[in-house]
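Quick notes on the structure that follows.
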Amino acid sequence: MAGHRPGRVVIGEAELRARVAELGRAIARDYAGKEPVLVGVLQGAFMFMADLVRAIPIDLATDFISLSSYEGGTKSSGQVRLVSDLSIPIAGRHVLIVEDIVDTGLTLEYLRRSLEARSPRSVRVCALADKASHRQVETRLDYVGFAIPDVYVVGYGFDYEGLYRNLPHIAALEDA
Ligand code: 5GP
């Protein structure tokens, strides 16, 4: 896309693999026997979700939800919209939200409220990346892959205007 390209590698493939394996082990330990529902937040979390569930060797269900707040740019619009909903009921289930990155926290808090209204047994959050310096609302993260600095990142599911999700690592978006 004109003007911006993936540049400096922020988190490499080997580092991603190792951390996802650690998260998987922790989640497997905490959720053994609970048959959790892992809810991946589309589109950004699709690659993380695919790798994470393979690192969790317990019985679990998966589902996806699609939210939109960025409308194509690099700044949050602050307005979250439900684009497509879960396909299974979660009442009485242990839900683990699988998010790509938490920035202002607005998307996650909107999602948490929406899921908690459906009477799940529990709702916890696993975020691949945490950009804590941008937080506008307080939000609790139960599992975090990486704390990342205040740069716009692409790759490993993260896009810029629909591109670069397919990179196997996470890179900073830079001026071309
Ligand atoms: P929040 O509502 O916490 O501000 O934003 C969360 C969503 O914004 C994430 O799920 C992600 O889709 C998007 N986002 C936040 N920071 C970045 C970033 O650095 N790169 C990309 N590609 N998306 C981001």
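If you're wondering about the labels, chains in the structure tokens are A, B, ... by order shown, residues count from 1 in each chain, ligands from 1 in order shown.
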
Could I get the residues of range 50-130 of chain A with an atom no further than 8 Å from an atom of range 26-36 of chain A, each paired with its nearest atom pair and that distance in Å to one decimal, using only C-alpha atoms, sorted by chain and residue number, as a tab-separated table?
```
residue	atom	partner	partner_atom	distance
A:Ile56	CA	A:Ala28	CA	5.2
A:Pro57	CA	A:Ala28	CA	6.4
A:Ile58	CA	A:Ala28	CA	6.1
A:Asp59	CA	A:Glu35	CA	5.3
A:Leu60	CA	A:Glu35	CA	4.6
A:Ala61	CA	A:Pro36	CA	6.2
A:Arg93	CA	A:Pro36	CA	6.5
A:His94	CA	A:Pro36	CA	4.8
A:Val95	CA	A:Pro36	CA	5.7
A:Leu96	CA	A:Pro36	CA	6.8
```

For Asn166 in chain A, please output as a list of chain:residue names all residues within 8 Å (counting only C-alpha atoms; exclusion window: fewer than 3 positions along the same chain). A:Gly155, A:Tyr156, A:Gly157, A:Leu163

Keeping all heavy atoms for every residue in the selection just given, could you write it to a file as a PDB file, in the first residue's frame?
```
ATOM      1  N   GLY A 155       1.564  -7.914  10.591  1.00  0.00           N
ATOM      2  CA  GLY A 155       2.072  -9.283  10.475  1.00  0.00           C
ATOM      3  C   GLY A 155       1.481 -10.186  11.547  1.00  0.00           C
ATOM      4  O   GLY A 155       0.932  -9.717  12.541  1.00  0.00           O
ATOM      5  N   TYR A 156       1.581 -11.510  11.333  1.00  0.00           N
ATOM      6  CA  TYR A 156       1.047 -12.521  12.249  1.00  0.00           C
ATOM      7  C   TYR A 156      -0.413 -12.173  12.609  1.00  0.00           C
ATOM      8  O   TYR A 156      -0.814 -12.176  13.755  1.00  0.00           O
ATOM      9  CB  TYR A 156       1.926 -12.621  13.498  1.00  0.00           C
ATOM     10  CG  TYR A 156       1.700 -13.890  14.300  1.00  0.00           C
ATOM     11  CD1 TYR A 156       2.102 -15.136  13.818  1.00  0.00           C
ATOM     12  CD2 TYR A 156       1.054 -13.855  15.534  1.00  0.00           C
ATOM     13  CE1 TYR A 156       1.881 -16.304  14.549  1.00  0.00           C
ATOM     14  CE2 TYR A 156       0.833 -15.007  16.273  1.00  0.00           C
ATOM     15  CZ  TYR A 156       1.245 -16.224  15.769  1.00  0.00           C
ATOM     16  OH  TYR A 156       1.010 -17.363  16.498  1.00  0.00           O
ATOM     17  N   GLY A 157      -1.194 -11.836  11.597  1.00  0.00           N
ATOM     18  CA  GLY A 157      -2.609 -11.520  11.793  1.00  0.00           C
ATOM     19  C   GLY A 157      -2.924 -10.040  11.805  1.00  0.00           C
ATOM     20  O   GLY A 157      -4.042  -9.630  11.479  1.00  0.00           O
ATOM     21  N   LEU A 163      -3.755  -5.438   4.471  1.00  0.00           N
ATOM     22  CA  LEU A 163      -2.552  -6.136   4.016  1.00  0.00           C
ATOM     23  C   LEU A 163      -1.649  -6.548   5.179  1.00  0.00           C
ATOM     24  O   LEU A 163      -1.778  -6.025   6.285  1.00  0.00           O
ATOM     25  CB  LEU A 163      -1.739  -5.245   3.077  1.00  0.00           C
ATOM     26  CG  LEU A 163      -2.408  -4.875   1.756  1.00  0.00           C
ATOM     27  CD1 LEU A 163      -1.497  -3.938   0.963  1.00  0.00           C
ATOM     28  CD2 LEU A 163      -2.737  -6.113   0.926  1.00  0.00           C
TER      29      LEU A 163
END
```

Can you list, as an MDAnalysis selection string, every protein, DNA or RNA residue that comes within 8 Å of Val41 in chain A when you count only C-alpha atoms, leaving out same-chain residues fewer than 6 positions away? chainID A and resid 64:67 97:100

Hey, can you spit out that residue selection with C-alpha atoms as a short mmCIF file (atom, residue, chain, number, x, y, z; two decimals), in the first residue's frame?
```cif
data_model
loop_
_atom_site.label_atom_id
_atom_site.label_comp_id
_atom_site.auth_asym_id
_atom_site.auth_seq_id
_atom_site.Cartn_x
_atom_site.Cartn_y
_atom_site.Cartn_z
CA PHE A 64 -15.12 -16.54 16.52
CA ILE A 65 -16.57 -13.08 16.78
CA SER A 66 -15.88 -10.14 14.53
CA LEU A 67 -15.66 -6.58 15.80
CA ILE A 97 -11.37 -14.38 24.77
CA VAL A 98 -8.39 -14.62 22.40
CA GLU A 99 -7.49 -11.09 21.30
CA ASP A 100 -4.68 -9.93 19.03
#
```

Would you list the contacts of Val151 in chain A as a JSON list (two decimals) with C-alpha atoms, in the first residue's frame, taking every protein, DNA or RNA residue within 7 Å and counting only C-alpha atoms, but skipping same-chain residues closer than 2 positions in sequence?
```json
[["chain", "number", "residue", "atom", "x", "y", "z"],
["A", 149, "PRO", "CA", 5.89, -0.36, 22.62],
["A", 153, "VAL", "CA", 2.47, -3.29, 14.12],
["A", 172, "ALA", "CA", 6.60, -2.17, 12.78]]
```

Extract the full set of alpha helix (DSSP H) residues from chain A according to DSSP on the backbone, and format it as a CSV table (one decimal) with C-alpha atoms, in the first residue's frame.
```
chain,number,residue,atom,x,y,z
A,13,GLU,CA,8.9,-16.2,14.4
A,14,ALA,CA,10.9,-18.2,17.0
A,15,GLU,CA,10.0,-15.8,19.8
A,16,LEU,CA,6.3,-16.0,18.8
A,17,ARG,CA,6.5,-19.8,18.7
A,18,ALA,CA,8.1,-20.1,22.1
A,19,ARG,CA,5.7,-17.7,23.8
A,20,VAL,CA,2.6,-19.2,22.3
A,21,ALA,CA,3.8,-22.6,23.6
A,22,GLU,CA,4.2,-21.1,27.1
A,23,LEU,CA,0.7,-19.5,27.0
A,24,GLY,CA,-0.8,-22.8,25.8
A,25,ARG,CA,0.8,-24.7,28.7
A,26,ALA,CA,-0.5,-22.2,31.3
A,27,ILE,CA,-4.0,-22.2,29.8
A,28,ALA,CA,-4.1,-26.1,29.7
A,29,ARG,CA,-3.1,-26.2,33.3
A,30,ASP,CA,-5.8,-23.6,34.4
A,31,TYR,CA,-8.6,-25.0,32.3
A,46,PHE,CA,-6.9,-15.7,13.5
A,47,MET,CA,-3.3,-16.8,13.3
A,48,PHE,CA,-2.6,-16.5,17.0
A,49,MET,CA,-5.8,-18.5,17.7
A,50,ALA,CA,-4.8,-21.3,15.3
A,51,ASP,CA,-1.3,-21.6,16.9
A,52,LEU,CA,-2.6,-21.2,20.4
A,53,VAL,CA,-5.3,-24.0,20.3
A,54,ARG,CA,-2.7,-26.4,19.0
A,106,LEU,CA,-12.3,-0.1,24.3
A,107,THR,CA,-12.8,-3.1,22.0
A,108,LEU,CA,-12.1,-5.6,24.8
A,109,GLU,CA,-14.4,-3.9,27.3
A,110,TYR,CA,-17.2,-3.8,24.7
A,111,LEU,CA,-16.7,-7.5,24.0
A,112,ARG,CA,-16.4,-8.5,27.7
A,113,ARG,CA,-19.8,-6.7,28.4
A,114,SER,CA,-21.4,-8.4,25.5
A,115,LEU,CA,-20.2,-11.8,26.5
A,116,GLU,CA,-20.9,-11.4,30.2
```

Taking only C-alpha atoms and all ligand atoms into account, produce a table as a tab-separated table in which each residue of chain A with an atom at most 6 Å from an atom of ligand 1 appears once, together with its shortest atom pair and the distance in Å to one decimal, ordered by chain and rising number.
```
residue	atom	partner	partner_atom_place_in_ligand_line	distance
A:Gly44	CA	ligand 1	12 (O)	5.4
A:Ser76	CA	ligand 1	4 (O)	5.2
A:Asp100	CA	ligand 1	10 (O)	5.3
A:Ile101	CA	ligand 1	9 (C)	4.8
A:Val102	CA	ligand 1	3 (O)	4.0
A:Asp103	CA	ligand 1	3 (O)	3.4
A:Thr104	CA	ligand 1	4 (O)	3.5
A:Gly105	CA	ligand 1	3 (O)	3.6
A:Leu106	CA	ligand 1	2 (O)	4.0
A:Thr107	CA	ligand 1	2 (O)	3.6
A:Val151	CA	ligand 1	19 (O)	5.9
A:Tyr152	CA	ligand 1	19 (O)	3.3
A:Val153	CA	ligand 1	19 (O)	4.0
A:Val154	CA	ligand 1	22 (N)	5.0
A:Phe158	CA	ligand 1	22 (N)	4.0
A:Asp159	CA	ligand 1	22 (N)	4.2
A:Tyr160	CA	ligand 1	22 (N)	5.5
```

All strand (DSSP E or B) positions in range 14-129 of chain A, as a PDB file with C-alpha atoms, in the first residue's frame:
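Result went into part-v8.pdb, see below:
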```
ATOM      1  CA  VAL A  37     -14.777 -22.036  24.750  1.00  0.00           C
ATOM      2  CA  LEU A  38     -11.972 -20.045  23.157  1.00  0.00           C
ATOM      3  CA  VAL A  39     -13.431 -17.021  21.387  1.00  0.00           C
ATOM      4  CA  GLY A  40     -11.103 -15.634  18.721  1.00  0.00           C
ATOM      5  CA  VAL A  41     -11.586 -11.995  17.761  1.00  0.00           C
ATOM      6  CA  LEU A  42     -11.503 -11.641  13.980  1.00  0.00           C
ATOM      7  CA  ALA A  61     -14.334 -25.577  21.869  1.00  0.00           C
ATOM      8  CA  THR A  62     -13.578 -22.705  19.505  1.00  0.00           C
ATOM      9  CA  ASP A  63     -15.708 -19.930  18.095  1.00  0.00           C
ATOM     10  CA  PHE A  64     -15.119 -16.537  16.519  1.00  0.00           C
ATOM     11  CA  ILE A  65     -16.573 -13.075  16.780  1.00  0.00           C
ATOM     12  CA  SER A  66     -15.881 -10.137  14.525  1.00  0.00           C
ATOM     13  CA  LEU A  67     -15.664  -6.585  15.799  1.00  0.00           C
ATOM     14  CA  SER A  68     -14.625  -3.407  14.118  1.00  0.00           C
ATOM     15  CA  ARG A  81     -19.290  -2.403  16.152  1.00  0.00           C
ATOM     16  CA  LEU A  82     -20.299  -6.082  16.205  1.00  0.00           C
ATOM     17  CA  VAL A  83     -19.751  -7.305  12.654  1.00  0.00           C
ATOM     18  CA  SER A  84     -20.535 -10.979  13.193  1.00  0.00           C
ATOM     19  CA  HIS A  94     -15.923 -20.987  30.720  1.00  0.00           C
ATOM     20  CA  VAL A  95     -15.040 -18.442  28.027  1.00  0.00           C
ATOM     21  CA  LEU A  96     -11.520 -17.375  27.117  1.00  0.00           C
ATOM     22  CA  ILE A  97     -11.366 -14.379  24.775  1.00  0.00           C
ATOM     23  CA  VAL A  98      -8.389 -14.617  22.405  1.00  0.00           C
ATOM     24  CA  GLU A  99      -7.486 -11.089  21.296  1.00  0.00           C
ATOM     25  CA  ASP A 100      -4.675  -9.927  19.034  1.00  0.00           C
ATOM     26  CA  ILE A 101      -3.738  -6.685  20.786  1.00  0.00           C
ATOM     27  CA  VAL A 102      -5.173  -4.470  23.487  1.00  0.00           C
ATOM     28  CA  SER A 122     -16.440 -17.209  33.585  1.00  0.00           C
ATOM     29  CA  VAL A 123     -14.842 -14.800  31.124  1.00  0.00           C
ATOM     30  CA  ARG A 124     -11.083 -14.353  30.948  1.00  0.00           C
ATOM     31  CA  VAL A 125      -8.782 -12.830  28.362  1.00  0.00           C
ATOM     32  CA  CYS A 126      -5.667 -13.974  26.514  1.00  0.00           C
ATOM     33  CA  ALA A 127      -4.061 -11.191  24.469  1.00  0.00           C
ATOM     34  CA  LEU A 128      -1.085 -11.744  22.210  1.00  0.00           C
ATOM     35  CA  ALA A 129       0.121  -8.172  22.631  1.00  0.00           C
TER      36      ALA A 129
END
```
